[in-house]
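Asker: What follows is the file upload12.cif, containing mmCIF, C-alpha atoms:
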```
data_entry
loop_
_atom_site.label_atom_id
_atom_site.label_comp_id
_atom_site.auth_asym_id
_atom_site.auth_seq_id
_atom_site.Cartn_x
_atom_site.Cartn_y
_atom_site.Cartn_z
CA MET C 381 -6.43 -0.90 -9.49
CA CYS C 382 -9.75 -0.55 -7.66
CA ARG C 383 -11.41 -3.65 -6.25
CA ARG C 384 -14.09 -3.66 -8.93
CA GLN C 385 -11.46 -4.30 -11.61
CA GLY C 386 -10.08 -0.86 -11.17
CA ILE C 387 -11.22 1.03 -14.20
CA LEU C 388 -14.32 2.94 -13.24
CA LEU C 389 -12.95 6.23 -14.49
CA THR C 390 -15.54 8.79 -15.43
CA LEU C 391 -14.26 11.19 -18.05
CA MET C 392 -16.25 14.40 -18.22
CA LEU C 393 -15.14 15.33 -21.72
CA ALA C 394 -18.61 14.60 -23.03
CA PHE C 395 -20.76 16.05 -20.29
CA ALA C 396 -20.73 19.67 -21.40
CA GLY C 397 -24.09 19.42 -23.12
CA CYS C 398 -26.04 17.45 -20.54
CA SER C 399 -28.74 19.56 -18.96
CA SER C 400 -29.78 19.82 -15.33
CA THR C 401 -32.86 21.69 -16.38
CA GLY C 402 -33.81 24.52 -14.07
CA ALA C 403 -31.38 23.36 -11.40
CA GLN C 404 -30.03 26.78 -10.52
CA HIS C 405 -33.32 28.64 -10.61
CA SER C 406 -36.06 26.46 -9.12
CA PRO C 407 -36.75 25.66 -5.47
CA PHE C 408 -35.81 22.13 -4.45
CA VAL C 409 -36.38 19.66 -1.65
CA SER C 410 -33.31 19.42 0.59
CA HIS C 411 -32.06 16.04 1.83
CA VAL C 412 -29.40 17.52 4.11
CA ASP C 413 -29.65 16.33 7.72
CA ARG C 414 -26.76 18.36 9.14
CA VAL C 415 -23.51 20.10 8.17
CA GLU C 416 -20.21 20.02 10.06
CA PRO C 417 -16.85 21.74 9.49
CA TRP C 418 -14.14 19.82 7.60
CA GLY C 419 -10.62 21.21 7.83
CA GLU C 420 -10.09 24.92 7.35
CA VAL C 421 -12.43 25.55 4.42
CA GLY C 422 -14.53 22.42 3.98
CA ARG C 423 -17.77 20.95 5.17
CA VAL C 424 -19.18 17.48 5.79
CA ILE C 425 -22.78 17.26 4.60
CA HIS C 426 -24.77 14.41 6.10
CA THR C 427 -27.80 12.90 4.35
CA PRO C 428 -29.67 9.67 5.16
CA ARG C 429 -27.40 7.56 2.91
CA TYR C 430 -24.34 9.72 2.20
CA LYS C 431 -21.50 11.56 3.88
CA ILE C 432 -20.36 14.34 1.52
CA PHE C 433 -16.96 15.98 2.08
CA SER C 434 -16.73 19.26 0.21
CA THR C 435 -14.47 22.24 -0.38
CA LEU C 436 -16.78 23.66 -3.07
CA ASP C 437 -17.07 27.43 -2.93
CA PRO C 438 -20.58 28.29 -1.68
CA ASP C 439 -20.25 31.88 -2.91
CA GLU C 440 -19.41 30.78 -6.45
CA ASN C 441 -22.14 28.13 -6.59
CA PRO C 442 -24.77 28.66 -3.91
CA GLU C 443 -26.93 25.61 -3.17
CA LEU C 444 -24.68 23.28 -5.20
CA GLU C 445 -23.77 21.10 -2.22
CA ALA C 446 -27.41 20.78 -1.21
CA ARG C 447 -28.40 19.92 -4.79
CA ILE C 448 -25.65 17.30 -4.95
CA ALA C 449 -27.14 15.81 -1.79
CA SER C 450 -30.58 15.75 -3.40
CA VAL C 451 -29.25 14.13 -6.57
CA LEU C 452 -27.44 11.43 -4.58
CA GLU C 453 -30.48 10.54 -2.50
CA ALA C 454 -32.91 10.58 -5.42
CA ALA C 455 -30.54 8.66 -7.70
CA ASN C 456 -29.99 6.05 -5.01
CA ALA C 457 -33.70 5.25 -5.15
CA GLU C 458 -33.46 4.95 -8.95
CA TYR C 459 -30.45 2.64 -8.74
CA ALA C 460 -32.31 0.39 -6.33
CA LYS C 461 -35.13 -0.06 -8.87
CA LEU C 462 -32.67 -1.88 -11.15
CA VAL C 463 -31.84 -4.44 -8.45
CA PRO C 464 -34.82 -4.57 -6.08
CA GLN C 465 -33.49 -7.81 -4.56
CA ILE C 466 -30.66 -6.12 -2.67
CA ALA C 467 -30.80 -5.00 0.95
CA PRO C 468 -30.13 -1.25 1.33
CA THR C 469 -26.89 -0.20 2.94
CA THR C 470 -26.84 0.96 6.53
CA GLN C 471 -23.46 2.71 6.50
CA PRO C 472 -23.34 6.10 4.72
CA MET C 473 -21.37 6.17 1.45
CA GLU C 474 -18.59 8.74 1.22
CA CYS C 475 -18.21 11.31 -1.57
CA TYR C 476 -15.51 13.96 -1.98
CA PHE C 477 -16.07 17.18 -3.96
CA PHE C 478 -13.16 19.59 -4.33
CA GLN C 479 -13.16 23.16 -5.59
CA THR C 480 -9.79 22.75 -7.33
CA ARG C 481 -8.06 20.04 -9.31
CA ALA C 482 -5.01 20.48 -7.06
CA GLN C 483 -7.06 19.53 -3.99
CA TRP C 484 -8.51 16.56 -5.90
CA ALA C 485 -5.05 15.44 -7.04
CA ALA C 486 -3.60 15.63 -3.54
CA THR C 487 -6.43 13.51 -2.15
CA THR C 488 -6.08 11.05 -5.04
CA GLU C 489 -2.39 10.59 -4.26
CA THR C 490 -3.15 10.01 -0.58
CA LEU C 491 -6.12 7.73 -1.19
CA LEU C 492 -4.63 5.57 -3.95
CA GLY C 493 -0.93 5.67 -3.25
CA PRO C 494 2.03 5.84 -5.65
CA GLU C 495 1.14 2.65 -7.53
CA LEU C 496 -2.43 3.49 -8.50
CA ALA C 497 -2.67 7.28 -8.37
CA PRO C 498 -0.80 8.07 -11.64
CA ALA C 499 -3.42 6.32 -13.78
CA TYR C 500 -6.27 8.21 -12.12
CA LEU C 501 -4.43 11.53 -12.31
CA ARG C 502 -4.50 11.16 -16.10
CA ILE C 503 -8.26 11.80 -16.02
CA GLY C 504 -8.78 14.98 -17.99
CA PHE C 505 -11.99 16.16 -16.32
CA GLY C 506 -14.30 15.15 -13.53
CA GLY C 507 -13.74 12.28 -11.16
CA TYR C 508 -13.69 8.60 -10.41
CA THR C 509 -14.99 5.92 -8.10
CA PHE C 510 -12.48 3.89 -6.10
CA GLY C 511 -14.03 1.16 -4.01
CA ASP C 512 -17.21 2.72 -2.69
CA ARG C 513 -15.75 6.23 -2.54
CA PHE C 514 -16.48 8.84 -5.18
CA VAL C 515 -13.93 11.65 -5.69
CA ALA C 516 -14.51 14.65 -7.98
CA TYR C 517 -13.49 18.26 -8.54
CA PHE C 518 -15.51 21.24 -9.69
CA LEU C 519 -16.28 21.79 -13.37
CA THR C 520 -19.61 23.59 -13.68
CA HIS C 521 -22.83 23.45 -11.67
CA GLU C 522 -24.61 21.24 -14.20
CA ARG C 523 -21.64 18.99 -14.88
CA MET C 524 -21.24 18.32 -11.18
CA LEU C 525 -24.83 17.13 -10.88
CA ASN C 526 -24.55 14.92 -13.97
CA LEU C 527 -21.24 13.48 -12.77
CA THR C 528 -22.74 12.85 -9.34
CA ALA C 529 -25.56 10.74 -10.77
CA HIS C 530 -23.13 8.80 -13.01
CA GLU C 531 -20.56 8.07 -10.32
CA GLY C 532 -23.27 7.36 -7.78
CA TRP C 533 -24.19 4.23 -9.75
CA HIS C 534 -20.61 2.91 -9.59
CA GLN C 535 -20.55 3.62 -5.87
CA PHE C 536 -23.91 1.93 -5.35
CA ALA C 537 -22.85 -1.16 -7.31
CA HIS C 538 -19.61 -1.48 -5.39
CA ARG C 539 -21.33 -1.16 -2.04
CA HIS C 540 -24.18 -3.58 -2.76
CA PHE C 541 -22.99 -6.12 -5.35
CA VAL C 542 -21.21 -9.30 -4.25
CA GLY C 543 -20.03 -9.86 -7.82
CA ARG C 544 -19.27 -7.36 -10.55
CA LEU C 545 -20.67 -6.36 -13.89
CA PRO C 546 -18.49 -6.20 -16.99
CA PRO C 547 -16.99 -2.67 -16.86
CA SER C 548 -18.48 -1.66 -20.23
CA LEU C 549 -21.98 -2.52 -18.99
CA GLU C 550 -21.49 -0.85 -15.63
CA GLU C 551 -20.29 2.29 -17.42
CA GLY C 552 -23.23 2.12 -19.80
CA ILE C 553 -25.76 1.96 -16.97
CA ALA C 554 -24.01 4.88 -15.27
CA CYS C 555 -24.36 6.88 -18.50
CA THR C 556 -28.14 6.42 -18.41
CA PHE C 557 -28.22 8.55 -15.24
CA GLU C 558 -26.26 11.49 -16.65
CA ASP C 559 -29.17 13.68 -17.71
CA VAL C 560 -30.43 15.16 -14.43
CA ARG C 561 -33.62 17.21 -14.62
CA TRP C 562 -35.77 18.84 -11.96
CA GLN C 563 -39.51 18.59 -11.39
CA GLN C 564 -41.37 19.91 -8.36
CA GLY C 565 -38.13 20.41 -6.48
CA GLN C 566 -36.81 16.89 -7.06
CA PRO C 567 -34.21 15.46 -9.48
CA VAL C 568 -35.78 13.15 -12.06
CA TRP C 569 -34.45 10.99 -14.87
CA ASP C 570 -35.58 9.89 -18.28
CA ARG C 571 -32.92 7.22 -18.61
CA ALA C 572 -33.53 6.78 -22.33
CA ARG C 573 -32.41 10.37 -22.90
CA ASN C 574 -28.79 11.45 -23.31
CA ILE C 575 -28.16 14.21 -25.83
CA VAL C 576 -24.38 14.16 -25.52
CA ARG C 577 -23.93 10.39 -25.75
CA ALA C 578 -26.30 10.30 -28.73
CA ALA C 579 -24.17 12.90 -30.53
CA ALA C 580 -20.98 10.95 -29.78
CA LEU C 581 -22.65 7.77 -30.99
CA ARG C 582 -23.60 9.45 -34.29
CA GLU C 583 -20.00 10.50 -34.78
CA ALA C 584 -18.63 7.07 -33.90
CA LEU C 585 -21.02 5.38 -36.31
CA ALA C 586 -20.14 7.84 -39.08
CA ASP C 587 -16.42 7.32 -38.47
CA ARG C 588 -16.83 3.54 -38.09
CA THR C 589 -15.06 3.63 -34.72
CA LEU C 590 -17.39 1.38 -32.71
CA TRP C 591 -15.83 -1.88 -31.62
CA PRO C 592 -17.17 -5.34 -32.54
CA LEU C 593 -19.23 -6.60 -29.61
CA ASP C 594 -16.95 -9.57 -28.94
CA GLU C 595 -14.11 -7.11 -28.38
CA PHE C 596 -16.09 -4.28 -26.81
CA VAL C 597 -17.70 -6.26 -23.97
CA LYS C 598 -14.25 -7.19 -22.60
CA MET C 599 -13.01 -3.59 -22.52
CA HIS C 600 -12.67 -1.10 -19.69
CA ALA C 601 -12.15 2.67 -19.64
CA GLY C 602 -8.50 2.34 -18.71
CA GLU C 603 -7.81 1.02 -22.23
CA VAL C 604 -8.87 4.29 -23.86
CA ILE C 605 -7.96 6.90 -21.26
CA GLY C 606 -5.81 9.61 -22.83
CA LYS C 607 -7.26 8.96 -26.30
CA ASN C 608 -9.97 11.59 -26.53
CA ALA C 609 -11.79 10.45 -29.66
CA ARG C 610 -11.73 6.83 -28.54
CA ILE C 611 -12.95 7.78 -25.06
CA GLU C 612 -16.00 9.47 -26.56
CA ALA C 613 -16.72 6.46 -28.77
CA PHE C 614 -16.22 4.03 -25.90
CA TYR C 615 -18.65 5.77 -23.56
CA ALA C 616 -21.18 6.24 -26.35
CA GLN C 617 -21.04 2.52 -27.11
CA CYS C 618 -21.32 1.70 -23.40
CA TRP C 619 -24.46 3.82 -23.22
CA ALA C 620 -25.94 2.29 -26.38
CA TRP C 621 -25.17 -1.26 -25.20
CA ALA C 622 -26.86 -0.71 -21.82
CA ARG C 623 -29.91 0.82 -23.51
CA PHE C 624 -30.04 -2.06 -26.02
CA LEU C 625 -30.04 -4.69 -23.28
CA GLU C 626 -32.63 -2.86 -21.22
CA ALA C 627 -35.00 -1.71 -23.96
CA GLY C 628 -33.81 -2.68 -27.45
CA GLU C 629 -35.77 -4.82 -29.90
CA ASN C 630 -39.02 -3.94 -28.11
CA GLY C 631 -37.71 -5.13 -24.78
CA LYS C 632 -36.62 -8.54 -26.07
CA HIS C 633 -33.57 -8.66 -23.79
CA ALA C 634 -35.01 -6.86 -20.76
CA GLU C 635 -35.66 -10.00 -18.72
CA ALA C 636 -32.14 -11.29 -19.38
CA PHE C 637 -30.74 -7.85 -18.46
CA ARG C 638 -32.57 -7.87 -15.12
CA ARG C 639 -31.51 -11.44 -14.41
CA LEU C 640 -27.90 -10.57 -15.20
CA LEU C 641 -28.02 -7.61 -12.80
CA ALA C 642 -29.62 -9.71 -10.07
CA ASP C 643 -27.00 -12.45 -10.45
CA ALA C 644 -24.18 -9.90 -10.37
CA ALA C 645 -25.61 -8.49 -7.15
CA LYS C 646 -25.79 -11.96 -5.61
CA GLY C 647 -22.39 -13.05 -6.91
CA THR C 648 -23.89 -15.86 -8.99
CA LEU C 649 -23.18 -14.65 -12.54
CA VAL C 650 -22.65 -17.52 -14.94
CA ASP C 651 -19.04 -16.90 -15.96
CA PRO C 652 -16.65 -19.69 -17.00
CA THR C 653 -13.65 -17.84 -15.55
CA GLY C 654 -15.20 -17.12 -12.15
CA SER C 655 -13.86 -13.58 -12.43
CA LEU C 656 -17.26 -11.91 -12.16
CA GLY C 657 -18.51 -13.88 -9.19
CA ARG C 658 -16.55 -11.93 -6.59
CA ALA C 659 -15.55 -8.30 -6.87
CA GLY C 660 -12.13 -9.05 -5.39
CA ALA C 661 -11.32 -12.01 -7.68
CA ALA C 662 -8.44 -11.82 -10.15
CA TRP C 663 -9.73 -10.17 -13.31
CA ASP C 664 -10.20 -12.26 -16.44
CA ALA C 665 -12.30 -10.72 -19.20
CA SER C 666 -12.12 -13.73 -21.50
CA GLY C 667 -15.34 -15.28 -20.21
CA ILE C 668 -17.55 -12.22 -20.75
CA PRO C 669 -18.74 -13.14 -24.28
CA LYS C 670 -19.77 -16.59 -23.04
CA MET C 671 -21.48 -15.02 -20.05
CA TYR C 672 -23.57 -12.83 -22.36
CA ALA C 673 -24.34 -15.80 -24.63
CA HIS C 674 -25.75 -17.64 -21.63
CA TYR C 675 -28.05 -14.82 -20.54
CA LEU C 676 -29.08 -13.60 -23.99
CA GLY C 677 -29.48 -17.02 -25.60
CA GLN C 678 -27.25 -16.21 -28.57
CA ASN C 679 -23.64 -15.31 -29.19
CA LEU C 680 -22.56 -11.74 -29.67
CA ALA C 681 -21.72 -12.17 -33.36
CA ALA C 682 -25.34 -13.13 -34.01
CA LEU C 683 -26.55 -10.19 -31.92
CA GLU C 684 -24.26 -7.63 -33.57
CA PRO C 685 -26.57 -6.64 -36.50
CA ALA C 686 -29.50 -5.95 -34.17
CA PHE C 687 -27.31 -3.88 -31.86
CA ARG C 688 -25.95 -1.85 -34.78
CA ARG C 689 -29.48 -1.14 -36.03
CA TYR C 690 -30.52 -0.04 -32.55
CA ALA C 691 -27.45 2.18 -32.19
CA GLN C 692 -28.23 3.82 -35.54
CA SER C 693 -31.82 4.43 -34.43
CA ILE C 694 -31.03 6.12 -31.13
CA ALA C 695 -28.14 8.08 -32.64
CA GLN C 696 -30.48 9.62 -35.22
CA ARG C 697 -32.66 11.19 -32.54
CA PRO C 698 -31.20 14.39 -31.04
CA SER C 699 -31.97 13.29 -27.47
CA GLY C 700 -31.04 9.68 -28.05
CA THR C 701 -34.54 8.68 -26.97
CA MET C 702 -36.55 6.06 -28.81
CA ASP C 703 -37.69 3.69 -26.05
#
```
Can you give me the file's structure in the form of structure tokens?
Answerer:
Amino acid sequence: MCRRQGILLTLMLAFAGCSSTGAQHSPFVSHVDRVEPWGEVGRVIHTPRYKIFSTLDPDENPELEARIASVLEAANAEYAKLVPQIAPTTQPMECYFFQTRAQWAATTETLLGPELAPAYLRIGFGGYTFGDRFVAYFLTHERMLNLTAHEGWHQFAHRHFVGRLPPSLEEGIACTFEDVRWQQGQPVWDRARNIVRAAALREALADRTLWPLDEFVKMHAGEVIGKNARIEAFYAQCWAWARFLEAGENGKHAEAFRRLLADAAKGTLVDPTGSLGRAGAAWDASGIPKMYAHYLGQNLAALEPAFRRYAQSIAQRPSGTMD
């Protein structure tokens, strides 16, 4: 499917409760450089790093396009903090925001073609990243901003990384950007906070529907698309796994997490299959457990109890925050 293993599908089923606090009522700092017409009803919004194609209805959601631009630019700076070694892109990244699902579907069919489009058209809500393009359709004001920050990470990783992260980890990192809040006119993030993913994690733990780590780390979203309960559990576990690596056990794995990200960006991940070293290489998930064992200094079976304890801890807090 897409070059980065093809399964970076963002399902918005769980985003209803995320909060873009004050987004529709407070003044904000605009990052829009200029706006041009696009087709009969659309616009192209230019920012320093993005080219945003939009048919969103400005009467229905005034300022939404400009806020999306602000979220993209501010989130880009946050993404870069995770991999400070990379050189920033010079070519603007393209995003597509459609007012209707029909417009989104038509573009998806044109962009992906008859072989790939059917899988992406099964997405129930929201959007997806294909290559370094992000394509979405309107849900609500807040959901659009949360989706933008999530998909922006996938887009950023595709544009800047020579190699690729395991899809479950890339999705988990994207989930840490879903809670967009506003302070002094700028979008801000507390990446340890995610009310909706914490609630889904509580449910998955109660129902015993989390996957063993050895199995989970090899998964991608395409394996659970169309299975609503499993989708929720998958994304919750992705979020918990990313938080565990970055901050769990009092930061025990943080250095390994940063080294893993840096090596993925450079294309030098230690992976016995070679699948993760180049984003265009044939996909082979079998080496992912060994890759993690190398970076974390222990196999996933040994790490499983600590991860489960951490997941229980963050699930018990309404916001998901404990770090």
Asker: Of the candidates C:Thr435, C:Ser450, C:Thr520, C:Ser693, which shows the shortest atom-to-atom distance to C:Asp413, using all atoms listed in the file?
Answerer: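 The answer is C:Ser450, which sits nearest to C:Asp413.
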Asker: Apply the PyMOL selection byres ((chain C and resi 649-651) around 12) to the displayed file and report the matching residues as a ChimeraX atom specification.
Answerer: /C:541-546,636-648,652-659,663-676
Asker: Around (-27.2, 3.5, -37.4) in the file's own coordinates, what residues are found within 12 Å if you use only C-alpha atoms, given back as a CSV table (one decimal) with C-alpha atoms, keeping the file's coordinate frame?
Answerer:
```
chain,number,residue,atom,x,y,z
C,578,ALA,CA,-26.3,10.3,-28.7
C,581,LEU,CA,-22.6,7.8,-31.0
C,582,ARG,CA,-23.6,9.4,-34.3
C,583,GLU,CA,-20.0,10.5,-34.8
C,584,ALA,CA,-18.6,7.1,-33.9
C,585,LEU,CA,-21.0,5.4,-36.3
C,586,ALA,CA,-20.1,7.8,-39.1
C,587,ASP,CA,-16.4,7.3,-38.5
C,588,ARG,CA,-16.8,3.5,-38.1
C,590,LEU,CA,-17.4,1.4,-32.7
C,620,ALA,CA,-25.9,2.3,-26.4
C,685,PRO,CA,-26.6,-6.6,-36.5
C,686,ALA,CA,-29.5,-6.0,-34.2
C,687,PHE,CA,-27.3,-3.9,-31.9
C,688,ARG,CA,-26.0,-1.8,-34.8
C,689,ARG,CA,-29.5,-1.1,-36.0
C,690,TYR,CA,-30.5,0.0,-32.6
C,691,ALA,CA,-27.4,2.2,-32.2
C,692,GLN,CA,-28.2,3.8,-35.5
C,693,SER,CA,-31.8,4.4,-34.4
C,694,ILE,CA,-31.0,6.1,-31.1
C,695,ALA,CA,-28.1,8.1,-32.6
C,696,GLN,CA,-30.5,9.6,-35.2
C,697,ARG,CA,-32.7,11.2,-32.5
C,700,GLY,CA,-31.0,9.7,-28.0
```
Asker: With distances taken over all atoms listed in the file, which of C:Gln564, C:Asn456, C:Thr487, C:Thr556 is nearest to C:Phe536?
Answerer: C:Asn456
Asker: Atom CA of C:Leu491 and atom CA of C:Asp559, how far apart in Å?
Answerer: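 Atom CA of C:Leu491 lies at a distance of 29.0 Å from atom CA of C:Asp559.
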Asker: For the PyMOL selection byres ((chain C and resi 492-499) around 9), applied here, can you spell out every residue it catches as a PDB file with C-alpha atoms, keeping the file's coordinate frame?
Answerer:
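Produced file part24.pdb, reproduced below:
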```pdb
ATOM      1  CA  MET C 381      -6.430  -0.900  -9.490  1.00  0.00           C
ATOM      2  CA  CYS C 382      -9.750  -0.550  -7.660  1.00  0.00           C
ATOM      3  CA  ALA C 485      -5.050  15.440  -7.040  1.00  0.00           C
ATOM      4  CA  THR C 487      -6.430  13.510  -2.150  1.00  0.00           C
ATOM      5  CA  THR C 488      -6.080  11.050  -5.040  1.00  0.00           C
ATOM      6  CA  GLU C 489      -2.390  10.590  -4.260  1.00  0.00           C
ATOM      7  CA  THR C 490      -3.150  10.010  -0.580  1.00  0.00           C
ATOM      8  CA  LEU C 491      -6.120   7.730  -1.190  1.00  0.00           C
ATOM      9  CA  TYR C 500      -6.270   8.210 -12.120  1.00  0.00           C
ATOM     10  CA  LEU C 501      -4.430  11.530 -12.310  1.00  0.00           C
ATOM     11  CA  ARG C 502      -4.500  11.160 -16.100  1.00  0.00           C
ATOM     12  CA  ILE C 503      -8.260  11.800 -16.020  1.00  0.00           C
ATOM     13  CA  PHE C 510     -12.480   3.890  -6.100  1.00  0.00           C
ATOM     14  CA  GLY C 602      -8.500   2.340 -18.710  1.00  0.00           C
ATOM     15  CA  ILE C 605      -7.960   6.900 -21.260  1.00  0.00           C
TER      16      ILE C 605
END
```
Asker: By how many Å are atom CA of C:Leu519 and atom CA of C:Cys475 apart?
Answerer: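 Atom CA of C:Leu519 sits 15.9 Å away from atom CA of C:Cys475.
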Asker: One number please: atom CA of C:Ala454 to atom CA of C:Thr528, in Å, one decimal.
Answerer: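 These two atoms are separated by 11.1 Å.
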Asker: Suppose a student applies the PyMOL selection byres ((chain C and resi 433) around 9) to this structure; what residues should they get, written as a ChimeraX atom specification?
Answerer: /C:418,422-426,431-432,434-435,474-478
Asker: Residues at most 9 Å from stretch 610-617 of chain C, counting all atoms listed in the file, excluding those fewer than 6 positions away in the same chain, as number ranges by chain?
Answerer: C: 391, 393-394, 548, 551-552, 555, 576-585, 589-591, 596, 599-601, 603-604, 691
Asker: With all atoms listed in the file as the basis for distance, which of C:Val421, C:Val415, C:Ala446, C:Ile553 is at the shortest distance from C:Ala529?
Answerer: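 Of all the options, C:Ile553 lies closest to C:Ala529.
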